[in-house]
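Visitor: What follows is the file work.pdb, containing PDB, C-alpha atoms:
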```pdb
ATOM      1  CA  MET A   1       1.343  29.474  23.470
ATOM      2  CA  ARG A   2      -0.706  27.167  25.686
ATOM      3  CA  GLU A   3       0.892  25.126  28.447
ATOM      4  CA  LYS A   4       1.914  21.616  27.581
ATOM      5  CA  VAL A   5      -0.711  18.978  28.389
ATOM      6  CA  THR A   6       0.590  16.546  31.005
ATOM      7  CA  ILE A   7       0.217  12.795  31.328
ATOM      8  CA  GLN A   8      -1.614  13.328  34.605
ATOM      9  CA  GLN A   9      -4.171  15.627  32.971
ATOM     10  CA  ILE A  10      -4.903  13.001  30.326
ATOM     11  CA  ALA A  11      -5.203  10.327  33.018
ATOM     12  CA  ASP A  12      -7.658  12.432  35.021
ATOM     13  CA  PHE A  13      -9.702  13.272  31.944
ATOM     14  CA  ALA A  14      -9.881   9.649  30.741
ATOM     15  CA  GLY A  15     -10.408   8.220  34.225
ATOM     16  CA  VAL A  16      -7.399   5.915  34.033
ATOM     17  CA  SER A  17      -4.014   5.660  35.716
ATOM     18  CA  LYS A  18      -0.990   7.731  34.741
ATOM     19  CA  PHE A  19       0.809   4.436  34.089
ATOM     20  CA  ALA A  20      -1.855   3.404  31.552
ATOM     21  CA  VAL A  21      -1.589   6.737  29.730
ATOM     22  CA  SER A  22       2.194   6.505  29.549
ATOM     23  CA  ARG A  23       2.091   2.994  28.093
ATOM     24  CA  ALA A  24      -0.717   3.779  25.646
ATOM     25  CA  LEU A  25       0.999   6.860  24.213
ATOM     26  CA  ALA A  26       4.270   4.932  23.858
ATOM     27  CA  GLY A  27       2.500   2.025  22.139
ATOM     28  CA  LYS A  28       3.504  -0.472  24.834
ATOM     29  CA  SER A  29       1.582  -3.590  25.902
ATOM     30  CA  GLY A  30      -0.510  -3.876  29.033
ATOM     31  CA  VAL A  31      -3.354  -1.581  27.961
ATOM     32  CA  SER A  32      -6.539  -2.911  26.377
ATOM     33  CA  GLU A  33      -7.644  -1.595  23.000
ATOM     34  CA  GLY A  34     -10.723  -0.002  24.565
ATOM     35  CA  THR A  35      -8.659   1.828  27.183
ATOM     36  CA  LYS A  36      -6.106   2.883  24.583
ATOM     37  CA  ASP A  37      -8.937   4.302  22.444
ATOM     38  CA  ARG A  38     -10.236   6.300  25.394
ATOM     39  CA  ILE A  39      -6.767   7.616  26.212
ATOM     40  CA  LEU A  40      -6.046   8.695  22.627
ATOM     41  CA  LYS A  41      -9.383  10.474  22.342
ATOM     42  CA  ALA A  42      -8.813  12.224  25.663
ATOM     43  CA  ALA A  43      -5.321  13.279  24.611
ATOM     44  CA  GLY A  44      -6.643  14.642  21.340
ATOM     45  CA  GLN A  45      -9.460  16.590  23.020
ATOM     46  CA  LEU A  46      -7.053  18.133  25.524
ATOM     47  CA  GLY A  47      -4.701  19.223  22.739
ATOM     48  CA  TYR A  48      -1.806  16.940  23.681
ATOM     49  CA  PHE A  49      -0.870  16.510  20.029
ATOM     50  CA  ARG A  50      -0.947  20.255  19.354
ATOM     51  CA  THR A  51       1.749  21.230  21.824
ATOM     52  CA  ARG A  52       4.383  23.667  20.523
ATOM     53  CA  VAL A  53       4.049  22.871  16.834
ATOM     54  CA  SER A  54       3.122  26.273  15.398
ATOM     55  CA  ASN A  55       6.645  27.601  14.823
ATOM     56  CA  VAL A  56       8.407  24.329  14.067
ATOM     57  CA  SER A  57       8.742  25.002  10.336
ATOM     58  CA  GLU A  58      11.027  27.978  10.947
ATOM     59  CA  GLU A  59      13.017  26.125  13.605
ATOM     60  CA  LEU A  60      13.606  23.147  11.293
ATOM     61  CA  GLN A  61      15.522  25.186   8.728
ATOM     62  CA  ASP A  62      18.575  23.974  10.648
ATOM     63  CA  PRO A  63      17.283  20.645  12.033
ATOM     64  CA  GLU A  64      20.672  19.565  13.365
ATOM     65  CA  SER A  65      20.911  22.408  15.876
ATOM     66  CA  ALA A  66      17.479  23.984  16.290
ATOM     67  CA  PRO A  67      15.510  23.293  19.491
ATOM     68  CA  ILE A  68      12.210  21.807  18.307
ATOM     69  CA  ALA A  69       9.189  20.215  19.914
ATOM     70  CA  GLY A  70       6.130  18.289  18.846
ATOM     71  CA  THR A  71       4.750  14.799  18.291
ATOM     72  CA  ILE A  72       5.697  12.262  15.628
ATOM     73  CA  VAL A  73       3.452   9.279  14.952
ATOM     74  CA  VAL A  74       5.075   5.899  14.299
ATOM     75  CA  LEU A  75       2.660   3.622  12.440
ATOM     76  CA  PHE A  76       3.171  -0.154  12.371
ATOM     77  CA  PRO A  77       1.161  -2.506  10.156
ATOM     78  CA  ASN A  78      -1.374  -4.778  11.800
ATOM     79  CA  ILE A  79       0.720  -7.834  10.940
ATOM     80  CA  ARG A  80       2.005 -10.481  13.319
ATOM     81  CA  PHE A  81       5.710 -10.246  12.454
ATOM     82  CA  GLN A  82       5.987  -6.514  11.795
ATOM     83  CA  ASN A  83       5.991  -4.979  15.249
ATOM     84  CA  LYS A  84       8.315  -3.608  17.928
ATOM     85  CA  ASP A  85       9.032  -7.067  19.344
ATOM     86  CA  SER A  86      10.466  -8.517  16.124
ATOM     87  CA  PHE A  87      14.208  -9.031  15.617
ATOM     88  CA  TYR A  88      14.100  -6.767  12.561
ATOM     89  CA  TRP A  89      11.509  -4.079  13.307
ATOM     90  CA  GLY A  90      12.354  -3.755  16.998
ATOM     91  CA  PRO A  91      15.798  -2.212  16.327
ATOM     92  CA  VAL A  92      14.268   0.052  13.646
ATOM     93  CA  PHE A  93      11.840   1.376  16.262
ATOM     94  CA  ASP A  94      14.706   1.737  18.743
ATOM     95  CA  GLY A  95      16.497   3.934  16.213
ATOM     96  CA  ILE A  96      13.396   6.076  15.760
ATOM     97  CA  SER A  97      12.920   6.387  19.499
ATOM     98  CA  THR A  98      16.590   7.219  20.103
ATOM     99  CA  ARG A  99      16.579  10.035  17.565
ATOM    100  CA  LEU A 100      13.290  11.440  18.877
ATOM    101  CA  ASN A 101      14.695  11.436  22.401
ATOM    102  CA  GLN A 102      17.780  13.276  21.139
ATOM    103  CA  LYS A 103      15.478  15.894  19.608
ATOM    104  CA  SER A 104      13.186  15.983  22.700
ATOM    105  CA  LEU A 105      10.223  15.097  20.494
ATOM    106  CA  ASP A 106       7.117  13.262  21.643
ATOM    107  CA  ILE A 107       6.260   9.904  20.093
ATOM    108  CA  LEU A 108       2.886   8.260  19.543
ATOM    109  CA  THR A 109       3.029   4.625  18.399
ATOM    110  CA  LEU A 110       0.019   3.183  16.596
ATOM    111  CA  THR A 111      -0.827  -0.109  14.933
ATOM    112  CA  GLU A 112      -2.457   0.229  11.536
ATOM    113  CA  PRO A 113      -6.157   0.751  12.368
ATOM    114  CA  SER A 114      -8.994  -1.203  10.824
ATOM    115  CA  SER A 115     -10.972   2.033  10.428
ATOM    116  CA  ASP A 116     -10.248   5.728  10.137
ATOM    117  CA  ARG A 117     -11.303   6.505  13.725
ATOM    118  CA  VAL A 118      -7.759   7.213  14.868
ATOM    119  CA  PHE A 119      -7.198   9.727  12.096
ATOM    120  CA  THR A 120      -9.563  12.164  13.769
ATOM    121  CA  LEU A 121      -6.578  12.940  16.004
ATOM    122  CA  LEU A 122      -4.093  13.374  13.200
ATOM    123  CA  ASN A 123      -4.129  16.727  11.450
ATOM    124  CA  PRO A 124      -1.507  19.214  10.255
ATOM    125  CA  ASP A 125      -1.828  21.291  13.433
ATOM    126  CA  ALA A 126      -1.466  18.303  15.718
ATOM    127  CA  ILE A 127       1.750  16.512  14.737
ATOM    128  CA  LEU A 128       5.012  17.010  12.878
ATOM    129  CA  GLY A 129       4.537  13.955  10.676
ATOM    130  CA  ILE A 130       4.254  10.198  10.394
ATOM    131  CA  VAL A 131       6.896   7.477  10.073
ATOM    132  CA  THR A 132       5.440   4.247   8.682
ATOM    133  CA  VAL A 133       7.357   1.085   9.502
ATOM    134  CA  GLY A 134       6.940  -1.871   7.165
ATOM    135  CA  THR A 135       4.118  -2.680   4.762
ATOM    136  CA  ILE A 136       1.108  -0.399   5.303
ATOM    137  CA  SER A 137      -2.125  -0.982   3.373
ATOM    138  CA  THR A 138      -2.934   1.321   0.473
ATOM    139  CA  GLN A 139      -6.272   2.222   2.105
ATOM    140  CA  ILE A 140      -4.555   3.590   5.197
ATOM    141  CA  LEU A 141      -1.925   5.395   3.136
ATOM    142  CA  LEU A 142      -4.672   7.149   1.180
ATOM    143  CA  GLU A 143      -6.281   8.233   4.469
ATOM    144  CA  ILE A 144      -2.925   9.677   5.550
ATOM    145  CA  LYS A 145      -2.457  11.396   2.196
ATOM    146  CA  ARG A 146      -5.721  13.308   2.652
ATOM    147  CA  LEU A 147      -4.352  14.825   5.847
ATOM    148  CA  ASP A 148      -1.464  16.462   3.964
ATOM    149  CA  ILE A 149       0.985  15.464   6.704
ATOM    150  CA  PRO A 150       4.677  14.787   5.969
ATOM    151  CA  VAL A 151       5.242  11.028   5.736
ATOM    152  CA  VAL A 152       8.409   8.936   5.613
ATOM    153  CA  MET A 153       8.176   5.214   4.885
ATOM    154  CA  VAL A 154      10.704   2.695   6.150
ATOM    155  CA  ASP A 155      11.151  -0.341   3.892
ATOM    156  CA  HIS A 156       7.967   0.171   1.904
ATOM    157  CA  PHE A 157       6.849   1.713  -1.377
ATOM    158  CA  ASP A 158       3.349   2.385  -2.673
ATOM    159  CA  PRO A 159       2.543   4.338  -5.862
ATOM    160  CA  ALA A 160      -0.629   5.609  -4.184
ATOM    161  CA  ILE A 161       1.343   8.108  -2.117
ATOM    162  CA  HIS A 162       4.460  10.030  -3.111
ATOM    163  CA  CYS A 163       6.632  10.501  -0.048
ATOM    164  CA  ASP A 164      10.169  10.027   1.196
ATOM    165  CA  ALA A 165      11.246   6.429   1.772
ATOM    166  CA  LEU A 166      14.232   4.683   3.335
ATOM    167  CA  PHE A 167      15.531   1.273   2.373
ATOM    168  CA  THR A 168      18.558  -0.862   2.781
ATOM    169  CA  ASP A 169      20.204  -0.953  -0.649
ATOM    170  CA  ASN A 170      18.543  -4.281  -1.344
ATOM    171  CA  PHE A 171      19.583  -4.503  -4.980
ATOM    172  CA  MET A 172      23.302  -3.853  -4.592
ATOM    173  CA  CYS A 173      23.598  -5.897  -1.388
ATOM    174  CA  MET A 174      21.921  -8.929  -2.951
ATOM    175  CA  ARG A 175      24.077  -8.535  -6.059
ATOM    176  CA  GLU A 176      27.189  -8.589  -3.864
ATOM    177  CA  LEU A 177      26.011 -11.661  -1.964
ATOM    178  CA  THR A 178      25.040 -13.592  -5.102
ATOM    179  CA  THR A 179      28.299 -12.643  -6.831
ATOM    180  CA  LYS A 180      30.256 -14.035  -3.873
ATOM    181  CA  LEU A 181      28.321 -17.294  -4.163
ATOM    182  CA  VAL A 182      29.055 -17.572  -7.877
ATOM    183  CA  SER A 183      32.748 -16.855  -7.248
ATOM    184  CA  ARG A 184      32.833 -19.773  -4.777
ATOM    185  CA  GLY A 185      31.623 -22.212  -7.412
ATOM    186  CA  TYR A 186      27.892 -22.412  -6.754
ATOM    187  CA  ARG A 187      25.990 -23.040  -9.988
ATOM    188  CA  LYS A 188      22.560 -24.420  -9.062
ATOM    189  CA  PHE A 189      20.368 -21.901  -7.222
ATOM    190  CA  HIS A 190      16.872 -21.598  -5.798
ATOM    191  CA  PHE A 191      15.427 -18.297  -4.566
ATOM    192  CA  VAL A 192      13.040 -18.546  -1.615
ATOM    193  CA  GLY A 193      10.606 -15.806  -0.599
ATOM    194  CA  ASP A 194       7.282 -14.415  -1.798
ATOM    195  CA  ILE A 195       8.432 -11.744  -4.251
ATOM    196  CA  ASP A 196       5.034 -10.021  -4.035
ATOM    197  CA  TYR A 197       5.120  -9.761  -0.235
ATOM    198  CA  ALA A 198       7.248  -6.624   0.006
ATOM    199  CA  HIS A 199       9.073  -4.234  -2.310
ATOM    200  CA  SER A 200      12.369  -5.182  -0.639
ATOM    201  CA  PHE A 201      11.785  -8.870  -1.447
ATOM    202  CA  TYR A 202      11.152  -8.008  -5.101
ATOM    203  CA  GLU A 203      14.321  -5.915  -5.314
ATOM    204  CA  ARG A 204      16.360  -8.761  -3.828
ATOM    205  CA  TRP A 205      14.839 -11.145  -6.360
ATOM    206  CA  LEU A 206      15.704  -8.841  -9.276
ATOM    207  CA  ALA A 207      19.297  -8.466  -8.061
ATOM    208  CA  PHE A 208      19.679 -12.232  -7.648
ATOM    209  CA  ARG A 209      18.401 -12.814 -11.191
ATOM    210  CA  SER A 210      20.635 -10.109 -12.635
ATOM    211  CA  VAL A 211      23.794 -11.796 -11.342
ATOM    212  CA  LEU A 212      22.784 -15.208 -12.703
ATOM    213  CA  ASP A 213      22.000 -13.630 -16.081
ATOM    214  CA  GLN A 214      25.324 -11.794 -16.069
ATOM    215  CA  HIS A 215      27.210 -15.062 -15.503
ATOM    216  CA  GLN A 216      24.961 -17.006 -17.916
ATOM    217  CA  ILE A 217      23.857 -19.411 -15.193
ATOM    218  CA  GLU A 218      20.657 -21.272 -16.026
ATOM    219  CA  PHE A 219      17.881 -20.790 -13.529
ATOM    220  CA  ASP A 220      14.385 -22.241 -13.400
ATOM    221  CA  PRO A 221      12.376 -20.612 -10.574
ATOM    222  CA  VAL A 222      10.164 -22.858  -8.452
ATOM    223  CA  LYS A 223       6.732 -21.268  -8.126
ATOM    224  CA  GLY A 224       6.139 -22.766  -4.710
ATOM    225  CA  LEU A 225       9.260 -21.019  -3.391
ATOM    226  CA  ILE A 226       8.701 -17.514  -4.823
ATOM    227  CA  LYS A 227       4.919 -17.245  -4.398
ATOM    228  CA  GLN A 228       2.859 -17.496  -1.233
ATOM    229  CA  GLU A 229       1.548 -21.024  -0.814
ATOM    230  CA  ASP A 230      -0.687 -22.688   1.756
ATOM    231  CA  SER A 231       2.138 -24.931   2.972
ATOM    232  CA  THR A 232       5.023 -23.519   4.982
ATOM    233  CA  VAL A 233       8.481 -23.152   3.456
ATOM    234  CA  SER A 234       9.887 -25.902   5.683
ATOM    235  CA  ASP A 235       7.126 -28.302   4.616
ATOM    236  CA  TYR A 236       7.691 -27.499   0.947
ATOM    237  CA  ILE A 237      11.443 -28.071   1.237
ATOM    238  CA  GLU A 238      10.892 -31.341   3.079
ATOM    239  CA  GLN A 239       8.718 -32.623   0.211
ATOM    240  CA  MET A 240      11.259 -31.787  -2.531
ATOM    241  CA  ASP A 241      12.978 -34.645  -4.338
ATOM    242  CA  GLU A 242      16.734 -35.007  -3.908
ATOM    243  CA  SER A 243      17.230 -34.150  -7.591
ATOM    244  CA  GLU A 244      15.404 -30.836  -7.086
ATOM    245  CA  LEU A 245      17.758 -29.606  -4.393
ATOM    246  CA  PRO A 246      20.159 -26.833  -5.461
ATOM    247  CA  ASP A 247      23.706 -26.074  -4.400
ATOM    248  CA  VAL A 248      22.374 -23.087  -2.454
ATOM    249  CA  PHE A 249      19.031 -21.648  -1.358
ATOM    250  CA  VAL A 250      19.150 -17.842  -1.552
ATOM    251  CA  CYS A 251      16.428 -16.571   0.787
ATOM    252  CA  ALA A 252      14.723 -13.192   0.980
ATOM    253  CA  ASN A 253      15.469 -12.913   4.710
ATOM    254  CA  ASP A 254      16.907 -14.839   7.650
ATOM    255  CA  PHE A 255      13.499 -15.936   8.960
ATOM    256  CA  ILE A 256      12.776 -17.705   5.663
ATOM    257  CA  ALA A 257      16.309 -19.127   5.605
ATOM    258  CA  ASP A 258      15.835 -20.609   9.095
ATOM    259  CA  ASN A 259      12.695 -22.384   7.858
ATOM    260  CA  VAL A 260      14.534 -23.707   4.813
ATOM    261  CA  ILE A 261      17.142 -25.222   7.136
ATOM    262  CA  ILE A 262      14.385 -26.788   9.238
ATOM    263  CA  GLY A 263      12.992 -28.444   6.105
ATOM    264  CA  LEU A 264      16.432 -29.652   5.007
ATOM    265  CA  GLN A 265      17.209 -31.064   8.440
ATOM    266  CA  ALA A 266      13.897 -32.956   8.419
ATOM    267  CA  LYS A 267      15.053 -34.597   5.160
ATOM    268  CA  GLY A 268      18.429 -35.438   6.668
ATOM    269  CA  VAL A 269      20.198 -32.996   4.310
ATOM    270  CA  GLN A 270      23.366 -31.500   5.746
ATOM    271  CA  VAL A 271      23.911 -27.727   5.681
ATOM    272  CA  PRO A 272      26.197 -26.521   4.166
ATOM    273  CA  GLU A 273      27.837 -29.787   3.022
ATOM    274  CA  ARG A 274      24.964 -30.763   0.669
ATOM    275  CA  CYS A 275      23.001 -27.516   0.466
ATOM    276  CA  SER A 276      24.100 -24.055   1.484
ATOM    277  CA  VAL A 277      21.587 -21.458   2.677
ATOM    278  CA  THR A 278      21.765 -17.657   2.757
ATOM    279  CA  GLY A 279      19.486 -15.045   4.283
ATOM    280  CA  PHE A 280      19.204 -11.278   4.551
ATOM    281  CA  ASP A 281      18.795  -8.758   7.439
ATOM    282  CA  ASN A 282      21.185 -10.402   9.958
ATOM    283  CA  THR A 283      18.696 -11.609  12.556
ATOM    284  CA  SER A 284      20.232 -15.113  12.813
ATOM    285  CA  PRO A 285      23.744 -15.290  14.334
ATOM    286  CA  THR A 286      25.174 -18.151  12.248
ATOM    287  CA  MET A 287      23.511 -17.412   8.905
ATOM    288  CA  THR A 288      25.349 -16.189   5.826
ATOM    289  CA  THR A 289      23.434 -12.972   5.358
ATOM    290  CA  VAL A 290      23.462  -9.225   4.756
ATOM    291  CA  ASN A 291      23.798  -7.089   7.846
ATOM    292  CA  VAL A 292      21.244  -4.273   7.831
ATOM    293  CA  ASP A 293      21.875  -1.367  10.182
ATOM    294  CA  LYS A 294      18.323  -1.403  11.445
ATOM    295  CA  GLU A 295      18.741   1.304  14.099
ATOM    296  CA  LEU A 296      20.301   3.613  11.517
ATOM    297  CA  LEU A 297      17.240   3.135   9.306
ATOM    298  CA  GLY A 298      15.073   4.361  12.174
ATOM    299  CA  MET A 299      17.274   7.334  13.025
ATOM    300  CA  ARG A 300      17.596   8.479   9.422
ATOM    301  CA  ALA A 301      13.814   8.194   8.988
ATOM    302  CA  VAL A 302      13.381  10.809  11.730
ATOM    303  CA  ASP A 303      16.088  13.016  10.193
ATOM    304  CA  LYS A 304      14.354  12.855   6.818
ATOM    305  CA  LEU A 305      10.942  13.617   8.335
ATOM    306  CA  LEU A 306      12.263  16.726  10.089
ATOM    307  CA  TRP A 307      13.893  17.890   6.871
ATOM    308  CA  ARG A 308      10.679  17.244   4.949
ATOM    309  CA  TYR A 309       8.625  19.289   7.417
ATOM    310  CA  ALA A 310      10.771  22.310   6.576
ATOM    311  CA  ASN A 311      10.889  21.542   2.839
ATOM    312  CA  ARG A 312       7.341  20.564   1.963
ATOM    313  CA  ASN A 313       7.534  21.506  -1.711
ATOM    314  CA  SER A 314      10.692  19.579  -2.596
ATOM    315  CA  ASN A 315      10.359  16.367  -4.618
ATOM    316  CA  ALA A 316      10.113  13.094  -2.715
ATOM    317  CA  GLU A 317      13.412  11.338  -2.090
ATOM    318  CA  ARG A 318      14.508   7.739  -1.678
ATOM    319  CA  LEU A 319      17.422   7.101   0.670
ATOM    320  CA  LEU A 320      19.409   3.861   0.371
ATOM    321  CA  ILE A 321      21.637   2.599   3.192
ATOM    322  CA  GLN A 322      24.397   0.143   2.356
ATOM    323  CA  GLY A 323      24.527  -3.227   4.120
ATOM    324  CA  ASP A 324      27.438  -5.621   4.727
ATOM    325  CA  VAL A 325      27.648  -9.181   3.376
ATOM    326  CA  LEU A 326      28.534 -11.660   6.144
ATOM    327  CA  MET A 327      29.742 -15.114   5.031
ATOM    328  CA  ARG A 328      29.081 -17.516   7.915
ATOM    329  CA  GLU A 329      28.400 -21.143   8.784
ATOM    330  CA  THR A 330      25.532 -21.869   6.365
ATOM    331  CA  THR A 331      27.754 -21.625   3.280
ATOM    332  CA  ILE A 332      31.000 -23.391   2.397
ATOM    333  CA  ASN A 333      34.070 -21.168   2.825
TER     334      ASN A 333
END
```
Step by step, read the file and then write its structure as structure tokens.

Guide:
Amino acid sequence: MREKVTIQQIADFAGVSKFAVSRALAGKSGVSEGTKDRILKAAGQLGYFRTRVSNVSEELQDPESAPIAGTIVVLFPNIRFQNKDSFYWGPVFDGISTRLNQKSLDILTLTEPSSDRVFTLLNPDAILGIVTVGTISTQILLEIKRLDIPVVMVDHFDPAIHCDALFTDNFMCMRELTTKLVSRGYRKFHFVGDIDYAHSFYERWLAFRSVLDQHQIEFDPVKGLIKQEDSTVSDYIEQMDESELPDVFVCANDFIADNVIIGLQAKGVQVPERCSVTGFDNTSPTMTTVNVDKELLGMRAVDKLLWRYANRNSNAERLLIQGDVLMRETTIN
């Protein structure tokens, strides 16, 4: 077995500082895209991503106790709000990083590339697998599929690639939240969030509708609130007539809910006295929402990937993690 490639060797080979190599491999800021490209290519040529992977399959038969080593790629989409600095995805990444540190595994963080250049470094002999975080394009997923590398998706589903996936139990959590609202006397609802944006949004929408149907509550969806429009949510809310306002806006996440409140405040509408507002994901401290254990999502994604590496022929699995409904200041108690 060859000696492990060091950060200093990569730095010398690429003609950059050790600091730059460390930040590039960890996916941190402060390194230009051109320098990061050079570092990744140098690392791949030196065999950094091939270190101590050959016998991992046998070691992973008991992943809780076996000493293992290797590199796991964490792939983020090239989208403004889905990155390590966000209130939602940041803790997910922290969970991934924590579990990898516990397992003494190397981590390579990438943003979804605009071409397949980066995939020249990713092959079955180079890494243990890939954890995708958030919505990844079908084109990139198909490139990954061709590599025949174990993949676990966090909060995303795509029929183009059959692989393990982890979600918050969006359906049951939204059913619980909506049921609580109905039990408190709310009868006029609007759902807010582009239901085509993410699979989790669509599941939350279906759960919301199922509760209203169960209780025979009439509901007329507003297209401008459930489909992506040119105007922002806050602008759309601000332009709504008083008669169009519901008892409660049920939003696909807290970020959307915050923008709904901004629009209501611009109209002089009091929250929750005139309109209540709910979110999802627990990224806003006063919002009625569903708490998602974001770090646990990240940790369990690593656990599932290690299990998958040792059980390549088993059918793909979908793991659901329960959330907690939190009734707070944006609804009437």

Visitor: Given only C-alpha atoms as the basis, pick out the residue of A:Leu326, A:Met172, A:Ala316, A:Leu40 nearest to Asn291 (chain A).

Guide: A:Leu326

Visitor: Given the file shown, enumerate the residues that the PyMOL selection byres ((chain A and resi 240-256) around 9) captures and present them as number ranges by chain.

Guide: A: 178, 181, 186-195, 200-202, 204-205, 208, 233-239, 257-261, 272, 274-284, 287-290, 331

Visitor: Kindly list the centre and edge lengths in Å, rounded to one decimal, for the axis-aligned box that covers all listed atoms of region 263-276 of chain A plus 4 Å on each of its six sides, as lines of an AutoDock Vina configuration file.

Guide:
```
center_x = 20.4
center_y = -29.7
center_z = 4.5
size_x = 22.8
size_y = 19.4
size_z = 16.0
```

Visitor: Just give me the gap between CA of Ser137 (chain A) and CA of Lys304 (chain A) in Å, one decimal is fine.

Guide: 21.8 Å

Visitor: Using all atoms listed in the file for the distances, tell me which of A:Gly134, A:Gly15, A:Pro221, A:Pro159 is nearest to Trp89 (chain A).

Guide: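 Selected residue with least distance to Trp89 (chain A): A:Gly134.
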
Visitor: So which one's closest to Ala20 (chain A), A:Gly224, A:Pro150, A:Gly90, A:Gly34? Using only C-alpha atoms, please.

Guide: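 Ranking A:Gly224, A:Pro150, A:Gly90, A:Gly34 by distance to Ala20 (chain A), first place goes to A:Gly34.
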
Visitor: Quick one: pull the distance between CA of Lys41 (chain A) and CA of Ile140 (chain A), Å, one decimal.

Guide: 19.1 Å

Visitor: Find the distance between CA of Leu177 (chain A) and CA of Val133 (chain A) and write it in Å to one decimal.

Guide: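 Interatomic distance here is 25.3 Å.
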
Visitor: Calculated over all atoms listed in the file, which of the candidates A:Lys28, A:Arg175, A:His215, A:Lys294 has the smallest distance to Tyr88 (chain A)?

Guide: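 Among A:Lys28, A:Arg175, A:His215, A:Lys294, it is A:Lys294 that comes nearest to Tyr88 (chain A).
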
Visitor: Excluding Arg300 (chain A) and any residue of its chain fewer than 6 positions from it, enumerate the residues within 9 Å of it, using only C-alpha atoms, and give them as a list in words.

Guide: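 Those residues are Gly95, Ile96, Arg99, Leu166 and Leu319 of chain A.
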
Visitor: Can you list, as a PyMOL selection string, the residues that the PyMOL selection byres ((chain A and resi 160) around 8) selects here?

Guide: chain A and resi 138+141-142+158-159+161-162

Visitor: So what does the PyMOL selection byres ((chain A and resi 168) around 6) actually pick up in this one, as a short mmCIF file (atom, residue, chain, number, x, y, z; two decimals) with C-alpha atoms, keeping the file's coordinate frame?

Guide:
```cif
data_model
loop_
_atom_site.label_atom_id
_atom_site.label_comp_id
_atom_site.auth_asym_id
_atom_site.auth_seq_id
_atom_site.Cartn_x
_atom_site.Cartn_y
_atom_site.Cartn_z
CA PHE A 167 15.53 1.27 2.37
CA ASP A 169 20.20 -0.95 -0.65
CA ASN A 170 18.54 -4.28 -1.34
CA LEU A 320 19.41 3.86 0.37
CA ILE A 321 21.64 2.60 3.19
CA GLN A 322 24.40 0.14 2.36
#
```

Visitor: Taking into account only C-alpha atoms, which residue in the set A:Leu296, A:Val182, A:Val302, A:Cys163 is nearest to Ile217 (chain A)?

Guide: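 So, comparing all the options, the nearest one is A:Val182.
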
Visitor: Which one is closest to Asp148 (chain A): A:Lys227, A:Arg312, A:Arg38, A:Lys267? Count only C-alpha atoms.

Guide: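 The closest residue to Asp148 (chain A) is A:Arg312.
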